[in-house]
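Novice: Submitted below is the structure of interest, expressed as structure tokens.
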Amino acid sequence: MDFAFNIFALILIFFGTLTLFISYYLYKKEGEAVKFFAIMMLSNAVWSLGYGFELASSTTEQVMFFINIEYLGITTLPLNWFLFCLRFSGNEKWYKKPLNLGLLISVPIATILLVWTNSHHHLHYKSYYMDLRGDFPMIALHPGISYRLFTIYFYSLLAIGSFLLIAKFRQSDPIYKRQNYSIIIAAM
């Protein structure tokens, strides 16, 4: 593989690596909510690392390889955020129902499969090409219907999770308000 590292790629790779180590450290801690948070950070690390190597790539094939890796993080991040928010807000009974969890997991799995097989159907990306007009080569993507549907799913889970945190914040004891406030600020 041929790489041409630029400042954006290096920053993403550095902070992706840092997030990877922090997620490992947090996962070893006690508590189900902390584990969900660590897994969410792992998703973020995979996305960041994949994107960093995507920005350092100069061929369409290499960029698409790293986009396929990125999507492991992109598709699981909103799911992990939502599961964390459910657990943190005391609504874990909702995701413990197999049907609910199955529905939540089906979207990331379907999206990953659509991204990985996009060259056969073009449902996720209608087209893409390497744009060489900038300071470094970047892929220009034209989204398809799957991309748009996943974007709705992504932001819906982020919004619902944030709503759960805000509701938890409003109901919490004064001693926990500072902790909840920190999480809400970080989510923004």
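Following the order of the structure tokens, first chain is A, next is B, and so on, with residues numbered from 1 inside each chain and ligands from 1 in the order they appear.
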Near segment 77-79 of chain A, within 12 Å and counting only C-alpha atoms, which residues show up once chain neighbours fewer than 2 positions away are dropped, as a ChimeraX atom specification?

Specialist: /A:36-48,70-75,81-86,95,100-109,150-162,187

Novice: Do a neighbour search on His124 of chain A at 10 Å with only C-alpha atoms, toss out local chain neighbours closer than 4 positions, and write the hits as an mmCIF file with all heavy atoms, in the first residue's frame.

Specialist:
```cif
data_model
loop_
_atom_site.group_PDB
_atom_site.id
_atom_site.type_symbol
_atom_site.label_atom_id
_atom_site.label_comp_id
_atom_site.auth_asym_id
_atom_site.auth_seq_id
_atom_site.Cartn_x
_atom_site.Cartn_y
_atom_site.Cartn_z
ATOM 1 N N THR A 111 -26.042 -2.318 6.576
ATOM 2 C CA THR A 111 -25.264 -1.220 5.996
ATOM 3 C C THR A 111 -23.853 -1.670 5.654
ATOM 4 O O THR A 111 -23.347 -1.359 4.570
ATOM 5 C CB THR A 111 -25.232 -0.014 6.959
ATOM 6 O OG1 THR A 111 -26.571 0.383 7.235
ATOM 7 C CG2 THR A 111 -24.471 1.148 6.354
ATOM 8 N N ILE A 112 -23.217 -2.406 6.560
ATOM 9 C CA ILE A 112 -21.869 -2.907 6.273
ATOM 10 C C ILE A 112 -21.881 -3.789 5.028
ATOM 11 O O ILE A 112 -21.037 -3.645 4.139
ATOM 12 C CB ILE A 112 -21.293 -3.671 7.488
ATOM 13 C CG1 ILE A 112 -20.940 -2.691 8.605
ATOM 14 C CG2 ILE A 112 -20.053 -4.476 7.095
ATOM 15 C CD1 ILE A 112 -20.573 -3.349 9.917
ATOM 16 N N LEU A 113 -22.850 -4.671 4.940
ATOM 17 C CA LEU A 113 -22.940 -5.542 3.763
ATOM 18 C C LEU A 113 -23.178 -4.738 2.484
ATOM 19 O O LEU A 113 -22.602 -5.038 1.435
ATOM 20 C CB LEU A 113 -24.043 -6.587 3.962
ATOM 21 C CG LEU A 113 -23.762 -7.645 5.030
ATOM 22 C CD1 LEU A 113 -24.973 -8.540 5.237
ATOM 23 C CD2 LEU A 113 -22.529 -8.469 4.665
ATOM 24 N N LEU A 114 -24.023 -3.697 2.573
ATOM 25 C CA LEU A 114 -24.270 -2.859 1.394
ATOM 26 C C LEU A 114 -23.026 -2.077 0.984
ATOM 27 O O LEU A 114 -22.757 -1.912 -0.207
ATOM 28 C CB LEU A 114 -25.440 -1.909 1.654
ATOM 29 C CG LEU A 114 -26.814 -2.557 1.654
ATOM 30 C CD1 LEU A 114 -27.864 -1.602 2.212
ATOM 31 C CD2 LEU A 114 -27.196 -3.016 0.248
ATOM 32 N N VAL A 115 -22.252 -1.611 1.951
ATOM 33 C CA VAL A 115 -21.012 -0.886 1.637
ATOM 34 C C VAL A 115 -20.001 -1.846 1.016
ATOM 35 O O VAL A 115 -19.385 -1.533 -0.002
ATOM 36 C CB VAL A 115 -20.429 -0.210 2.900
ATOM 37 C CG1 VAL A 115 -19.020 0.310 2.653
ATOM 38 C CG2 VAL A 115 -21.335 0.915 3.362
ATOM 39 N N TRP A 116 -19.841 -3.004 1.614
ATOM 40 C CA TRP A 116 -18.843 -3.959 1.124
ATOM 41 C C TRP A 116 -19.186 -4.529 -0.250
ATOM 42 O O TRP A 116 -18.294 -4.970 -0.965
ATOM 43 C CB TRP A 116 -18.651 -5.079 2.132
ATOM 44 C CG TRP A 116 -17.943 -4.664 3.387
ATOM 45 C CD1 TRP A 116 -17.390 -3.446 3.677
ATOM 46 C CD2 TRP A 116 -17.703 -5.465 4.530
ATOM 47 N NE1 TRP A 116 -16.836 -3.442 4.932
ATOM 48 C CE2 TRP A 116 -17.018 -4.680 5.491
ATOM 49 C CE3 TRP A 116 -18.016 -6.777 4.860
ATOM 50 C CZ2 TRP A 116 -16.628 -5.165 6.731
ATOM 51 C CZ3 TRP A 116 -17.630 -7.258 6.103
ATOM 52 C CH2 TRP A 116 -16.936 -6.454 7.019
ATOM 53 N N THR A 117 -20.460 -4.544 -0.594
ATOM 54 C CA THR A 117 -20.869 -5.087 -1.897
ATOM 55 C C THR A 117 -21.365 -3.984 -2.837
ATOM 56 O O THR A 117 -22.042 -4.279 -3.821
ATOM 57 C CB THR A 117 -21.978 -6.146 -1.712
ATOM 58 O OG1 THR A 117 -23.113 -5.521 -1.087
ATOM 59 C CG2 THR A 117 -21.494 -7.319 -0.890
ATOM 60 N N ASN A 118 -21.039 -2.751 -2.547
ATOM 61 C CA ASN A 118 -21.569 -1.615 -3.306
ATOM 62 C C ASN A 118 -21.271 -1.706 -4.795
ATOM 63 O O ASN A 118 -22.080 -1.280 -5.616
ATOM 64 C CB ASN A 118 -21.029 -0.301 -2.745
ATOM 65 C CG ASN A 118 -21.699 0.883 -3.379
ATOM 66 O OD1 ASN A 118 -22.871 1.139 -3.135
ATOM 67 N ND2 ASN A 118 -20.968 1.611 -4.213
ATOM 68 N N SER A 119 -20.142 -2.249 -5.165
ATOM 69 C CA SER A 119 -19.782 -2.316 -6.586
ATOM 70 C C SER A 119 -20.761 -3.174 -7.396
ATOM 71 O O SER A 119 -20.832 -3.047 -8.618
ATOM 72 C CB SER A 119 -18.360 -2.850 -6.748
ATOM 73 O OG SER A 119 -18.268 -4.158 -6.217
ATOM 74 N N LEU A 141 -17.636 11.165 -3.223
ATOM 75 C CA LEU A 141 -18.689 10.163 -3.135
ATOM 76 C C LEU A 141 -20.038 10.781 -3.474
ATOM 77 O O LEU A 141 -20.350 11.880 -3.028
ATOM 78 C CB LEU A 141 -18.754 9.588 -1.717
ATOM 79 C CG LEU A 141 -17.485 8.940 -1.189
ATOM 80 C CD1 LEU A 141 -17.597 8.693 0.300
ATOM 81 C CD2 LEU A 141 -17.218 7.648 -1.921
ATOM 82 N N HIS A 142 -20.842 10.054 -4.232
ATOM 83 C CA HIS A 142 -22.207 10.465 -4.522
ATOM 84 C C HIS A 142 -23.132 9.466 -3.827
ATOM 85 O O HIS A 142 -23.219 8.313 -4.245
ATOM 86 C CB HIS A 142 -22.454 10.484 -6.031
ATOM 87 C CG HIS A 142 -21.610 11.491 -6.734
ATOM 88 N ND1 HIS A 142 -22.049 12.235 -7.776
ATOM 89 C CD2 HIS A 142 -20.338 11.907 -6.513
ATOM 90 C CE1 HIS A 142 -21.103 13.049 -8.185
ATOM 91 N NE2 HIS A 142 -20.046 12.851 -7.428
ATOM 92 N N PRO A 143 -23.790 9.903 -2.756
ATOM 93 C CA PRO A 143 -24.567 8.966 -1.931
ATOM 94 C C PRO A 143 -25.776 8.381 -2.645
ATOM 95 O O PRO A 143 -26.429 9.050 -3.453
ATOM 96 C CB PRO A 143 -24.996 9.816 -0.730
ATOM 97 C CG PRO A 143 -24.864 11.227 -1.157
ATOM 98 C CD PRO A 143 -23.856 11.265 -2.259
ATOM 99 N N GLY A 144 -26.064 7.128 -2.294
ATOM 100 C CA GLY A 144 -27.250 6.446 -2.787
ATOM 101 C C GLY A 144 -28.302 6.367 -1.692
ATOM 102 O O GLY A 144 -28.156 6.949 -0.611
ATOM 103 N N ILE A 145 -29.345 5.608 -1.946
ATOM 104 C CA ILE A 145 -30.470 5.521 -1.010
ATOM 105 C C ILE A 145 -30.060 4.876 0.313
ATOM 106 O O ILE A 145 -30.496 5.315 1.382
ATOM 107 C CB ILE A 145 -31.674 4.791 -1.652
ATOM 108 C CG1 ILE A 145 -32.905 4.858 -0.750
ATOM 109 C CG2 ILE A 145 -31.344 3.339 -1.976
ATOM 110 C CD1 ILE A 145 -33.521 6.217 -0.642
ATOM 111 N N SER A 146 -29.220 3.874 0.286
ATOM 112 C CA SER A 146 -28.764 3.216 1.512
ATOM 113 C C SER A 146 -27.993 4.193 2.389
ATOM 114 O O SER A 146 -28.149 4.200 3.615
ATOM 115 C CB SER A 146 -27.883 2.006 1.168
ATOM 116 O OG SER A 146 -27.175 1.555 2.284
ATOM 117 N N TYR A 147 -27.167 5.023 1.788
ATOM 118 C CA TYR A 147 -26.397 6.032 2.518
ATOM 119 C C TYR A 147 -27.344 6.985 3.232
ATOM 120 O O TYR A 147 -27.174 7.297 4.401
ATOM 121 C CB TYR A 147 -25.514 6.796 1.527
ATOM 122 C CG TYR A 147 -24.610 7.825 2.152
ATOM 123 C CD1 TYR A 147 -23.289 7.523 2.439
ATOM 124 C CD2 TYR A 147 -25.071 9.111 2.434
ATOM 125 C CE1 TYR A 147 -22.446 8.466 3.000
ATOM 126 C CE2 TYR A 147 -24.240 10.057 2.996
ATOM 127 C CZ TYR A 147 -22.926 9.732 3.280
ATOM 128 O OH TYR A 147 -22.102 10.674 3.836
ATOM 129 N N ARG A 148 -28.362 7.443 2.523
ATOM 130 C CA ARG A 148 -29.313 8.401 3.096
ATOM 131 C C ARG A 148 -30.131 7.767 4.223
ATOM 132 O O ARG A 148 -30.367 8.392 5.258
ATOM 133 C CB ARG A 148 -30.217 8.959 2.012
ATOM 134 C CG ARG A 148 -29.443 9.777 0.986
ATOM 135 C CD ARG A 148 -30.335 10.365 -0.092
ATOM 136 N NE ARG A 148 -29.608 10.817 -1.248
ATOM 137 C CZ ARG A 148 -28.832 11.885 -1.305
ATOM 138 N NH1 ARG A 148 -28.638 12.613 -0.237
ATOM 139 N NH2 ARG A 148 -28.223 12.224 -2.415
ATOM 140 N N LEU A 149 -30.552 6.527 4.036
ATOM 141 C CA LEU A 149 -31.312 5.845 5.092
ATOM 142 C C LEU A 149 -30.452 5.614 6.330
ATOM 143 O O LEU A 149 -30.924 5.793 7.459
ATOM 144 C CB LEU A 149 -31.880 4.520 4.574
ATOM 145 C CG LEU A 149 -32.995 4.641 3.535
ATOM 146 C CD1 LEU A 149 -33.353 3.266 2.974
ATOM 147 C CD2 LEU A 149 -34.219 5.323 4.125
ATOM 148 N N PHE A 150 -29.202 5.231 6.124
ATOM 149 C CA PHE A 150 -28.323 5.024 7.262
ATOM 150 C C PHE A 150 -28.069 6.340 7.997
ATOM 151 O O PHE A 150 -27.978 6.364 9.226
ATOM 152 C CB PHE A 150 -26.990 4.386 6.863
ATOM 153 C CG PHE A 150 -26.071 4.233 8.034
ATOM 154 C CD1 PHE A 150 -26.310 3.260 8.996
ATOM 155 C CD2 PHE A 150 -25.007 5.102 8.228
ATOM 156 C CE1 PHE A 150 -25.501 3.139 10.117
ATOM 157 C CE2 PHE A 150 -24.191 4.987 9.336
ATOM 158 C CZ PHE A 150 -24.437 4.009 10.277
#
```

Novice: Going by DSSP on the backbone, which residues of segment 79-149 of chain A come out as helix (DSSP H, G or I)? List them as a PyMOL selection string.

Specialist: chain A and resi 79-88+92-95+98-116+118-121+145-149

Novice: Which residues are near Lys35 of chain A? Cut-off 9 Å, only C-alpha atoms, ignore same chain within fewer than 6 positions. Put them as a PDB file with C-alpha atoms, in the first residue's frame.

Specialist:
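File written: result05.pdb
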```pdb
ATOM      1  CA  SER A  23     -11.220   2.421  25.149  1.00  0.00           C
ATOM      2  CA  LEU A  26     -12.054   1.849  30.158  1.00  0.00           C
ATOM      3  CA  TYR A  27     -13.269  -1.587  29.100  1.00  0.00           C
ATOM      4  CA  LYS A  28     -11.275  -3.152  31.943  1.00  0.00           C
ATOM      5  CA  LYS A  29     -13.193  -1.010  34.477  1.00  0.00           C
ATOM      6  CA  PHE A  84     -24.793   3.456  26.481  1.00  0.00           C
TER       7      PHE A  84
END
```

Novice: Please identify every residue of segment 41-128 of chain A that has at least one atom no farther than 10 Å from an atom of segment 166-170 of chain A, counting only C-alpha atoms, and for each give the shortest atom pair and the distance in Å to one decimal, arranged by chain then increasing number, as a Markdown table.

Specialist:
```
| residue | atom | partner | partner_atom | distance |
| --- | --- | --- | --- | --- |
| A:Cys85 | CA | A:Lys168 | CA | 9.4 |
| A:Phe88 | CA | A:Lys168 | CA | 8.3 |
| A:Ser89 | CA | A:Lys168 | CA | 5.5 |
| A:Gly90 | CA | A:Lys168 | CA | 8.5 |
```
